[in-house]
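Source file: start12.cif (mmCIF, C-alpha atoms)
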```
data_run
loop_
_atom_site.label_atom_id
_atom_site.label_comp_id
_atom_site.auth_asym_id
_atom_site.auth_seq_id
_atom_site.Cartn_x
_atom_site.Cartn_y
_atom_site.Cartn_z
CA MET U 48 7.77 2.68 -60.58
CA GLU U 49 8.20 5.89 -58.61
CA LEU U 50 4.92 5.17 -56.81
CA LEU U 51 6.13 1.71 -55.84
CA THR U 52 9.37 3.22 -54.55
CA GLN U 53 7.44 5.70 -52.39
CA LEU U 54 5.23 2.94 -51.05
CA TRP U 55 8.26 0.81 -50.17
CA GLN U 56 10.06 3.68 -48.47
CA ALA U 57 6.94 4.47 -46.47
CA SER U 58 6.59 0.88 -45.27
CA GLY U 59 7.68 -0.33 -41.87
CA LEU U 60 9.92 -2.97 -43.45
CA TYR U 61 12.02 -0.27 -45.09
CA GLN U 62 12.22 1.95 -42.00
CA ILE U 63 12.72 -0.70 -39.32
CA ALA U 64 15.99 -0.57 -37.37
CA PRO U 65 17.82 -3.56 -35.86
CA GLY U 66 16.95 -2.37 -32.36
CA GLN U 67 13.27 -2.33 -33.19
CA LEU U 68 13.48 -5.89 -34.49
CA VAL U 69 15.08 -6.95 -31.20
CA MET U 70 12.38 -5.21 -29.17
CA ILE U 71 9.61 -6.78 -31.25
CA GLY U 72 11.19 -10.15 -30.45
CA ILE U 73 11.30 -9.28 -26.72
CA CYS U 74 7.65 -8.18 -26.78
CA LEU U 75 6.64 -11.41 -28.51
CA LEU U 76 8.56 -13.27 -25.78
CA LEU U 77 6.56 -11.41 -23.11
CA LEU U 78 3.35 -12.39 -24.86
CA PHE U 79 4.52 -16.01 -25.03
CA LEU U 80 5.35 -16.09 -21.31
CA ALA U 81 1.97 -14.53 -20.48
CA ILE U 82 -0.15 -16.75 -22.74
CA ALA U 83 1.71 -20.06 -22.79
CA LYS U 84 3.32 -19.99 -19.33
CA LYS U 85 0.72 -17.78 -17.62
CA PHE U 86 3.38 -15.49 -16.10
CA GLU U 87 1.45 -12.42 -14.83
CA PRO U 88 -0.81 -12.52 -17.93
CA LEU U 89 -2.95 -9.55 -16.87
CA LEU U 90 0.04 -7.25 -17.19
CA LEU U 91 2.45 -8.97 -19.56
CA VAL U 92 -0.18 -9.32 -22.31
CA THR U 93 -0.91 -5.59 -22.25
CA ILE U 94 2.72 -4.54 -21.74
CA GLY U 95 3.91 -6.84 -24.53
CA PHE U 96 1.27 -5.62 -26.96
CA GLY U 97 1.95 -1.99 -26.10
CA GLY U 98 5.63 -2.65 -26.75
CA LEU U 99 4.83 -4.12 -30.17
CA LEU U 100 2.89 -1.00 -31.14
CA SER U 101 5.63 1.32 -29.91
CA ASN U 102 8.33 -0.39 -32.01
CA ILE U 103 6.58 -0.51 -35.38
CA PRO U 104 8.24 2.16 -37.57
CA GLY U 105 6.01 4.96 -38.78
CA VAL U 106 3.38 4.36 -36.08
CA ASP U 107 2.98 7.41 -33.84
CA ILE U 108 0.63 5.79 -31.34
CA ALA U 109 3.30 5.87 -28.60
CA THR U 110 4.59 9.40 -29.26
CA GLY U 111 3.23 12.92 -29.65
CA ASP U 112 -0.56 12.88 -29.73
CA GLY U 113 -0.76 9.10 -30.09
CA LEU U 114 -3.22 7.22 -27.89
CA LEU U 115 -0.65 5.33 -25.83
CA HIS U 116 1.41 8.45 -25.19
CA LEU U 117 -1.67 10.35 -24.05
CA VAL U 118 -2.66 7.44 -21.79
CA TYR U 119 0.88 7.49 -20.36
CA LEU U 120 0.70 11.21 -19.66
CA VAL U 121 -2.71 10.96 -18.00
CA GLY U 122 -2.27 7.74 -16.07
CA ILE U 123 1.44 7.11 -15.42
CA GLU U 124 3.08 10.51 -15.35
CA THR U 125 0.46 11.76 -12.91
CA GLY U 126 0.59 8.54 -10.87
CA VAL U 127 -3.17 7.99 -11.23
CA PHE U 128 -3.13 4.40 -12.55
CA PRO U 129 -0.91 2.87 -9.83
CA LEU U 130 -2.98 4.60 -7.16
CA ILE U 131 -6.27 3.28 -8.54
CA ILE U 132 -4.78 -0.22 -8.73
CA PHE U 133 -3.68 0.10 -5.11
CA MET U 134 -7.27 0.96 -4.22
CA GLY U 135 -8.41 -2.20 -6.00
CA VAL U 136 -5.76 -4.29 -4.23
CA GLY U 137 -6.94 -2.86 -0.92
CA ALA U 138 -10.51 -3.87 -1.75
CA MET U 139 -9.33 -7.45 -2.35
CA THR U 140 -7.12 -7.64 0.77
CA ASP U 141 -7.99 -9.35 4.05
CA PHE U 142 -6.06 -7.94 7.00
CA GLY U 143 -7.38 -10.75 9.21
CA PRO U 144 -4.21 -12.92 9.23
CA LEU U 145 -2.05 -9.86 10.03
CA LEU U 146 -4.36 -8.72 12.84
CA ALA U 147 -4.54 -12.26 14.22
CA ASN U 148 -0.74 -12.43 14.40
CA PRO U 149 0.64 -8.85 14.49
CA LYS U 150 4.22 -10.11 14.89
CA THR U 151 4.24 -10.93 11.19
CA LEU U 152 4.40 -7.19 10.53
CA PHE U 153 8.13 -7.46 11.31
CA LEU U 154 8.52 -10.03 8.54
CA GLY U 155 6.97 -7.67 6.01
CA ALA U 156 9.28 -4.92 7.21
CA ALA U 157 12.39 -7.13 7.07
CA ALA U 158 11.66 -8.15 3.48
CA GLN U 159 11.97 -4.49 2.44
CA PHE U 160 15.69 -4.62 3.29
CA GLY U 161 16.30 -5.71 -0.29
CA ILE U 162 15.03 -2.32 -1.51
CA PHE U 163 17.53 -0.30 0.49
CA ALA U 164 20.40 -2.76 -0.02
CA THR U 165 19.93 -2.48 -3.78
CA LEU U 166 19.78 1.31 -3.58
CA LEU U 167 23.16 1.31 -1.84
CA GLY U 168 24.48 -1.29 -4.27
CA ALA U 169 23.49 0.76 -7.31
CA LEU U 170 25.14 3.85 -5.85
CA GLY U 171 28.25 1.82 -4.97
CA LEU U 172 28.55 0.44 -8.51
CA THR U 173 28.13 3.97 -9.84
CA SER U 174 30.91 5.28 -7.61
CA LEU U 175 33.16 2.49 -8.92
CA GLY U 176 32.39 3.50 -12.49
CA ILE U 177 30.77 0.15 -13.34
CA MET U 178 27.32 1.68 -13.79
CA ASP U 179 25.93 5.18 -14.08
CA PHE U 180 22.82 5.74 -11.96
CA SER U 181 21.78 8.91 -10.18
CA LEU U 182 20.29 8.77 -6.68
CA ARG U 183 16.77 9.10 -8.10
CA GLU U 184 17.38 6.29 -10.58
CA ALA U 185 18.94 4.04 -7.91
CA ALA U 186 15.94 4.61 -5.65
CA ALA U 187 13.53 3.71 -8.47
CA ILE U 188 15.50 0.53 -9.25
CA GLY U 189 15.66 -0.53 -5.61
CA ILE U 190 11.88 -0.55 -5.25
CA ILE U 191 11.78 -3.60 -7.55
CA GLY U 192 12.81 -5.58 -4.46
CA GLY U 193 9.35 -5.03 -3.01
CA ALA U 194 7.91 -7.26 -5.75
CA ASP U 195 5.02 -4.83 -6.13
CA GLY U 196 4.38 -3.73 -9.72
CA PRO U 197 2.11 -0.70 -9.06
CA THR U 198 4.51 0.63 -6.41
CA ALA U 199 7.49 0.20 -8.74
CA ILE U 200 5.64 2.05 -11.53
CA TYR U 201 4.56 4.82 -9.15
CA VAL U 202 8.10 5.40 -7.85
CA ALA U 203 9.69 5.14 -11.31
CA GLY U 204 7.17 7.60 -12.73
CA ALA U 205 7.98 10.06 -9.95
CA LEU U 206 11.77 9.67 -9.83
CA ALA U 207 13.05 8.16 -13.10
CA PRO U 208 10.44 8.10 -15.88
CA GLN U 209 13.15 7.38 -18.46
CA LEU U 210 13.67 3.97 -16.79
CA LEU U 211 9.98 3.16 -16.41
CA GLY U 212 9.81 0.46 -19.09
CA ALA U 213 12.76 -1.53 -17.79
CA ILE U 214 11.69 -1.20 -14.15
CA ALA U 215 8.11 -2.24 -14.87
CA VAL U 216 9.16 -5.25 -16.93
CA ALA U 217 11.65 -6.30 -14.25
CA ALA U 218 9.14 -5.88 -11.42
CA TYR U 219 6.38 -7.87 -13.10
CA SER U 220 8.76 -10.49 -14.45
CA TYR U 221 10.15 -11.23 -10.99
CA MET U 222 6.63 -11.27 -9.54
CA ALA U 223 5.74 -13.88 -12.14
CA LEU U 224 8.89 -15.86 -11.36
CA VAL U 225 8.22 -16.05 -7.60
CA PRO U 226 7.60 -19.84 -7.77
CA ILE U 227 11.01 -20.29 -9.41
CA ILE U 228 13.15 -17.73 -7.57
CA GLN U 229 11.98 -18.09 -3.97
CA PRO U 230 12.03 -21.86 -3.19
CA PRO U 231 15.82 -22.35 -3.63
CA ILE U 232 16.49 -19.36 -1.33
CA MET U 233 13.98 -20.63 1.24
CA ARG U 234 15.47 -24.13 1.26
CA ALA U 235 19.06 -22.85 1.45
CA LEU U 236 18.33 -20.76 4.56
CA THR U 237 16.22 -23.28 6.49
CA THR U 238 16.66 -26.81 7.75
CA GLN U 239 14.25 -29.67 7.09
CA GLU U 240 13.14 -29.51 10.72
CA GLU U 241 12.43 -25.78 10.50
CA ARG U 242 10.35 -26.27 7.37
CA LYS U 243 8.29 -28.91 9.22
CA ILE U 244 7.23 -26.53 12.02
CA GLU U 245 3.46 -26.41 12.37
CA MET U 246 1.96 -23.13 13.55
CA VAL U 247 -1.03 -22.76 15.85
CA GLN U 248 -4.39 -21.87 14.33
CA LEU U 249 -5.04 -18.14 13.99
CA ARG U 250 -7.70 -16.51 16.13
CA GLU U 251 -10.87 -15.15 14.57
CA VAL U 252 -10.65 -11.40 13.95
CA ALA U 253 -13.68 -9.25 14.74
CA GLN U 254 -15.24 -7.12 12.01
CA LEU U 255 -14.72 -3.97 14.07
CA GLU U 256 -10.97 -4.62 14.12
CA LYS U 257 -10.94 -4.90 10.34
CA ILE U 258 -12.81 -1.58 10.01
CA ILE U 259 -10.60 0.33 12.44
CA PHE U 260 -7.27 -1.01 11.16
CA PRO U 261 -7.10 0.72 7.73
CA LEU U 262 -8.05 4.02 9.36
CA LEU U 263 -5.36 3.72 12.03
CA LEU U 264 -2.83 2.56 9.43
CA LEU U 265 -3.46 5.58 7.23
CA LEU U 266 -3.39 8.12 10.06
CA LEU U 267 -0.27 6.75 11.73
CA VAL U 268 1.79 6.33 8.56
CA ALA U 269 0.58 9.46 6.77
CA LEU U 270 1.19 11.72 9.78
CA LEU U 271 4.73 10.35 10.13
CA LEU U 272 5.52 10.03 6.42
CA PRO U 273 3.20 12.13 4.23
CA SER U 274 4.95 11.04 1.02
CA ALA U 275 3.58 7.51 1.59
CA ALA U 276 0.02 8.78 2.03
CA PRO U 277 -1.10 8.54 -1.63
CA LEU U 278 -0.30 4.82 -1.97
CA LEU U 279 -1.35 3.79 1.53
CA GLY U 280 -4.36 6.09 1.45
CA MET U 281 -5.84 4.46 -1.65
CA PHE U 282 -4.95 1.01 -0.28
CA ALA U 283 -6.67 1.76 3.03
CA PHE U 284 -9.70 3.30 1.29
CA GLY U 285 -10.20 0.23 -0.88
CA ASN U 286 -9.95 -2.02 2.17
CA LEU U 287 -12.36 0.12 4.18
CA MET U 288 -14.95 -0.13 1.41
CA LYS U 289 -14.64 -3.92 1.57
CA GLU U 290 -14.81 -4.26 5.34
CA CYS U 291 -17.38 -1.61 6.33
CA GLY U 292 -20.18 -3.59 4.68
CA VAL U 293 -22.29 -0.61 3.59
CA VAL U 294 -20.87 0.10 0.13
CA ASP U 295 -20.79 -3.39 -1.39
CA ARG U 296 -21.53 -2.06 -4.89
CA LEU U 297 -18.54 0.28 -4.74
CA SER U 298 -16.30 -2.43 -3.36
CA GLU U 299 -17.33 -4.92 -6.05
CA THR U 300 -16.78 -2.33 -8.78
CA THR U 301 -13.35 -1.50 -7.41
CA GLN U 302 -12.36 -5.17 -7.15
CA ASN U 303 -13.52 -6.03 -10.66
CA ALA U 304 -14.51 -3.55 -13.38
CA LEU U 305 -12.43 -0.56 -12.25
CA ILE U 306 -9.17 -2.38 -11.56
CA ASN U 307 -9.52 -4.37 -14.80
CA ILE U 308 -10.05 -1.25 -16.93
CA VAL U 309 -7.10 0.54 -15.34
CA THR U 310 -4.90 -2.54 -15.69
CA ILE U 311 -5.50 -2.56 -19.46
CA PHE U 312 -4.45 1.06 -19.90
CA LEU U 313 -1.59 0.85 -17.41
CA GLY U 314 -0.08 -2.12 -19.25
CA LEU U 315 -0.40 -0.45 -22.65
CA ALA U 316 1.10 2.79 -21.30
CA VAL U 317 4.07 0.95 -19.77
CA GLY U 318 4.53 -0.99 -23.02
CA SER U 319 4.72 2.31 -24.91
CA LYS U 320 8.01 2.93 -23.07
CA LEU U 321 9.63 -0.23 -24.44
CA GLN U 322 10.96 1.68 -27.42
CA ALA U 323 14.28 0.34 -28.71
CA GLU U 324 16.22 3.58 -28.21
CA VAL U 325 15.13 3.74 -24.57
CA PHE U 326 15.12 0.07 -23.58
CA LEU U 327 18.17 -1.35 -25.37
CA THR U 328 20.84 0.28 -23.23
CA ALA U 329 23.47 -0.94 -20.79
CA SER U 330 21.44 0.52 -17.94
CA THR U 331 18.55 -1.85 -18.75
CA LEU U 332 20.74 -4.89 -18.14
CA GLY U 333 21.93 -3.28 -14.91
CA ILE U 334 18.32 -2.73 -13.84
CA LEU U 335 17.38 -6.36 -14.52
CA LEU U 336 20.40 -7.64 -12.56
CA LEU U 337 19.91 -5.26 -9.63
CA GLY U 338 16.20 -6.04 -9.56
CA MET U 339 16.99 -9.74 -9.23
CA VAL U 340 19.40 -8.97 -6.38
CA ALA U 341 16.78 -6.80 -4.67
CA PHE U 342 14.15 -9.53 -4.86
CA ALA U 343 16.53 -12.26 -3.64
CA VAL U 344 17.79 -10.14 -0.73
CA GLY U 345 14.22 -9.24 0.26
CA THR U 346 13.24 -12.92 0.31
CA ALA U 347 16.31 -13.90 2.32
CA SER U 348 15.81 -11.05 4.81
CA GLY U 349 12.26 -12.16 5.53
CA VAL U 350 13.31 -15.76 6.14
CA LEU U 351 16.20 -14.74 8.39
CA MET U 352 13.97 -12.41 10.41
CA ALA U 353 11.50 -15.28 10.89
CA LYS U 354 14.34 -17.51 12.14
CA LEU U 355 15.34 -14.82 14.62
CA MET U 356 11.75 -14.35 15.81
CA ASN U 357 11.43 -18.10 16.22
CA ARG U 358 14.34 -18.04 18.64
CA LEU U 359 12.75 -15.24 20.67
CA SER U 360 9.12 -16.38 20.55
CA ARG U 361 7.39 -18.93 22.77
CA THR U 362 5.01 -19.95 20.01
CA PRO U 363 6.74 -21.62 17.03
CA ILE U 364 7.11 -19.69 13.79
CA ASN U 365 7.88 -21.49 10.57
CA PRO U 366 10.71 -19.47 8.94
CA LEU U 367 9.25 -20.13 5.50
CA ILE U 368 6.52 -17.55 6.07
CA GLY U 369 9.20 -14.84 6.13
CA ALA U 370 9.61 -15.27 2.37
CA ALA U 371 6.04 -13.99 1.97
CA GLY U 372 7.17 -10.63 3.32
CA VAL U 373 7.64 -9.46 -0.25
CA SER U 374 4.38 -8.00 -1.47
CA ALA U 375 3.65 -10.41 -4.32
CA VAL U 376 0.13 -11.14 -3.06
CA PRO U 377 -0.99 -13.94 -2.93
CA MET U 378 1.59 -15.78 -5.03
CA ALA U 379 4.34 -15.62 -2.38
CA SER U 380 1.96 -17.10 0.21
CA ARG U 381 1.07 -19.95 -2.13
CA VAL U 382 4.76 -20.70 -2.69
CA VAL U 383 5.36 -20.76 1.06
CA ASN U 384 2.45 -23.14 1.53
CA LYS U 385 3.74 -25.43 -1.25
CA VAL U 386 7.28 -25.63 0.18
CA GLY U 387 5.86 -26.22 3.66
CA LEU U 388 3.70 -29.10 2.43
CA GLU U 389 6.71 -30.68 0.76
CA ALA U 390 8.42 -30.91 4.16
CA ASN U 391 5.30 -31.85 6.12
CA PRO U 392 2.06 -32.91 4.39
CA GLN U 393 0.08 -31.70 7.44
CA ASN U 394 1.68 -28.24 7.39
CA PHE U 395 -0.77 -25.70 5.97
CA LEU U 396 0.93 -22.30 6.03
CA LEU U 397 -1.19 -20.33 3.55
CA MET U 398 -3.14 -18.19 6.03
CA HIS U 399 -0.08 -17.74 8.26
CA ALA U 400 1.90 -16.51 5.24
CA MET U 401 -0.83 -14.03 4.29
CA GLY U 402 0.04 -11.97 7.38
CA PRO U 403 3.59 -11.08 6.27
CA ASN U 404 2.39 -10.96 2.66
CA VAL U 405 -0.08 -8.17 3.45
CA ALA U 406 2.50 -6.54 5.71
CA GLY U 407 4.84 -6.54 2.71
CA VAL U 408 2.35 -4.44 0.72
CA ILE U 409 2.32 -1.92 3.58
CA GLY U 410 6.10 -2.08 3.85
CA SER U 411 6.69 -1.48 0.15
CA ALA U 412 4.37 1.54 0.21
CA VAL U 413 6.24 2.97 3.20
CA ALA U 414 9.58 2.26 1.49
CA ALA U 415 8.29 4.03 -1.63
CA GLY U 416 7.39 7.07 0.46
CA ILE U 417 10.87 7.13 2.00
CA MET U 418 12.51 6.82 -1.42
CA ILE U 419 10.44 9.63 -2.90
CA LEU U 420 11.03 11.87 0.12
CA PHE U 421 14.81 11.60 0.22
CA ALA U 422 15.53 11.19 -3.50
CA SER U 423 13.37 14.21 -4.37
CA ALA U 424 15.10 16.32 -1.74
CA ALA U 425 18.59 15.33 -2.93
#
```
Can you turn what I pasted into structure tokens?
Amino acid sequence: MELLTQLWQASGLYQIAPGQLVMIGICLLLLFLAIAKKFEPLLLVTIGFGGLLSNIPGVDIATGDGLLHLVYLVGIETGVFPLIIFMGVGAMTDFGPLLANPKTLFLGAAAQFGIFATLLGALGLTSLGIMDFSLREAAAIGIIGGADGPTAIYVAGALAPQLLGAIAVAAYSYMALVPIIQPPIMRALTTQEERKIEMVQLREVAQLEKIIFPLLLLLLVALLLPSAAPLLGMFAFGNLMKECGVVDRLSETTQNALINIVTIFLGLAVGSKLQAEVFLTASTLGILLLGMVAFAVGTASGVLMAKLMNRLSRTPINPLIGAAGVSAVPMASRVVNKVGLEANPQNFLLMHAMGPNVAGVIGSAVAAGIMILFASAA
């Protein structure tokens, strides 16, 4: 009888707390959304499973010398995993649409307004006593507005590691919900006639331009803002490998095997931070709400900037492409193309939207550098 008592007391069923039950339910929900609804499955499957492991009582895999904790220390705390993923994203990126229409760089920049607006909003709510976020935490929350998971993880790991789980889940959830969140905002800020605007065909970009651009991008941004150099540097390096044409094996490895391996461990490491005592707090709800505001403001800012540019430009610009200024590549561009086709079946905006979409990746990396620079110095 005593042996049975010891076995029962050592079981997870005996030790489990209500908060852990809630988190297991949330992790199962993430797995459902990833598998059944295909919402960012590459990340939500690994994050959800890592969260399951971290909330089973008596399992030390996410603490101490446990595998997931060690992976977190090596890959997230040092910033290695997000940087490697940025290199892989760079290797899969085509700067052609941006180079063919450089004006779209302004749309990517405008969409980052949501990041800084949310930073100020979080600090304002803190000053009013509604929430309690430090400057570093507010900066890490604001970066969700860039709709760039690796950047959000990188900034959170550097400025507010205690909020990493909530920020990562919010960032990837809103990236997955782009087809649901963006269209109502796009339609509310544009007229039917604006959505019908057809844009002229993009010029063909020379290979030499594509080789020179990542080098110039890195040098210009890094010399002005060194704190953005790690993210942009790996992004530019990945793109250079793709475009130079002499290291195809390295480029293919970066685009496929390497980024897939790192994605597995990054998701599990982030999931290890979904522990009940860390995640189930009032600040988590605040992060989810502020993240939604950041994403919505970023989308709206891009559309409004496109409307302004359309007034000033001789060549017509469809304001819808401004919504692609958030760096959810290529999902935001696909959403823009879909909404454009609804208004005009002959209106193919995909390649035009890829310009601001790629510019948004650059913009979010620059915004991350600014956040890290000023929040670290404060």
**OP:** Measuring atom to atom with all atoms listed in the file, identify which of U:Gly372, U:Gly410, U:Gly318, U:Pro226 is nearest to Val386 in chain U.
**Re:** U:Pro226
Select from range 270-350 of chain U every residue with an atom at most 8 Å from any atom of range 190-209 of chain U, then for each give the shortest pair of atoms and their distance in Å to one decimal, using all atoms listed in the file, rows by chain and rising number, as a Markdown table.
```
| residue | atom | partner | partner_atom | distance |
| --- | --- | --- | --- | --- |
| U:Leu278 | CA | U:Thr198 | CA | 7.8 |
| U:Val325 | CA | U:Gln209 | CA | 7.4 |
| U:Gly338 | CA | U:Ile191 | CA | 5.4 |
| U:Met339 | CA | U:Gly192 | CA | 7.6 |
| U:Val340 | CA | U:Gly192 | CA | 7.7 |
| U:Ala341 | CA | U:Gly192 | CA | 4.2 |
| U:Phe342 | CA | U:Gly192 | CA | 4.2 |
| U:Ala343 | CA | U:Gly192 | CA | 7.7 |
| U:Val344 | CA | U:Gly192 | CA | 7.7 |
| U:Gly345 | CA | U:Gly192 | CA | 6.1 |
```
Original post:
Do you know which residues are at most 6 Å from range 283-285 of chain U counting all atoms listed in the file, after dropping those on the same chain fewer than 6 positions away, and could you put them as an MDAnalysis selection string?
Top reply: chainID U and resid 134:135 137:138 261
Subject >> CA of Ala109 in chain U to CA of Val317 in chain U, distance in Å rounded to a single decimal >> reply: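 Answer for the CA of Ala109 in chain U to CA of Val317 in chain U separation: 10.1 Å.
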**OP:** Could you give me, as a list in words, the residues within 6 Å of Asn394 in chain U, counting only C-alpha atoms and dropping anything in the same chain fewer than 4 positions from it?
**Re:**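 The residues satisfying every condition are Glu245, Gly387 and Leu388 of chain U.
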**OP:** Compile the contact shell of Pro149 in chain U as a list in words: residues with an atom at most 12 Å away, counting all atoms listed in the file, same-chain residues fewer than 2 positions apart removed.
**Re:** Phe142, Gly143, Pro144, Leu145, Leu146, Ala147, Thr151, Leu152, Phe153, Leu154, Gly155, Ala156, Leu249, Arg250, Val252, Phe260, His399, Met401, Gly402, Pro403, Val405 and Ala406 of chain U
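The residue that comes closest to Ile306 in chain U, out of U:Ser58, U:Lys150, U:Ile132, U:Leu351 and on the basis of only C-alpha atoms, is U:Ile132.
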Original post:
Please, what distance in Å, to one decimal, runs between CA of Ala158 in chain U and CA of Thr362 in chain U?
Top reply: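 CA of Thr362 in chain U lies at a distance of 21.4 Å from CA of Ala158 in chain U.
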Subject >> Near-Ala213 in chain U list (8 Å; only C-alpha atoms; drop same-chain fewer than 5 positions) as a ChimeraX atom specification >> reply: /U:321,326,331,334-335
**OP:** Have a look at CA of Leu420 in chain U and CA of Ala157 in chain U and let me know their distance in Å, one decimal.
**Re:** 20.3 Å
**OP:** I would like the residues chosen by the PyMOL selection byres ((chain U and resi 228-236) around 12) on the shown file; could you give them as number ranges by chain?
**Re:** U: 194, 220-227, 237-243, 339-354, 365-373, 375, 378-387, 389-390
**OP:** Would you translate the PyMOL selection byres ((chain U and resi 276) around 12) into the concrete set of residues it matches in this file, as number ranges by chain?
**Re:** U: 130, 133, 262, 264-275, 277-284, 409, 412-417, 419-420
Subject >> Distance criterion (only C-alpha atoms): nearest to Tyr219 in chain U out of U:Pro88, U:Gly126, U:Pro104, U:Gly171 >> reply: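 Among U:Pro88, U:Gly126, U:Pro104, U:Gly171, it is U:Pro88 that comes nearest to Tyr219 in chain U.
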**OP:** Counting only C-alpha atoms, figure out which residue out of U:Ile82, U:Leu89, U:Ala186, U:Leu77 gets nearest to Ser423 in chain U.
**Re:**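 Distance minimum relative to Ser423 in chain U lands on U:Ala186.
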Subject >> Contacts of range 110-123 of chain U within 7 Å, only C-alpha atoms, excl. fewer than 6 positions in-chain, as number ranges by chain >> reply: U: 204, 312, 315-316, 319
Subject >> Selection dump of the PyMOL selection byres ((chain U and resi 81) around 10), as an MDAnalysis selection string >> reply: chainID U and resid 75:80 82:93 95 220 223
**OP:** Rank U:Gln159, U:Thr301, U:Leu263, U:Leu287 by their smallest atom-to-atom distance to Gly407 in chain U, using all atoms listed in the file, and report the top residue only.
**Re:** U:Gln159
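Using all atoms listed in the file, the shortest contact distance between Ile214 in chain U and any of U:Leu332, U:Val293, U:Leu305, U:Ile259 is found at U:Leu332.
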Give, as lines of an AutoDock Vina configuration file, the centre coordinates and the x, y and z edge lengths in Å to one decimal for an axis-aligned box around all listed atoms of range 85-99 of chain U, padded by 5 Å on each side.
```
center_x = 1.3
center_y = -9.9
center_z = -22.5
size_x = 18.6
size_y = 25.8
size_z = 25.3
```
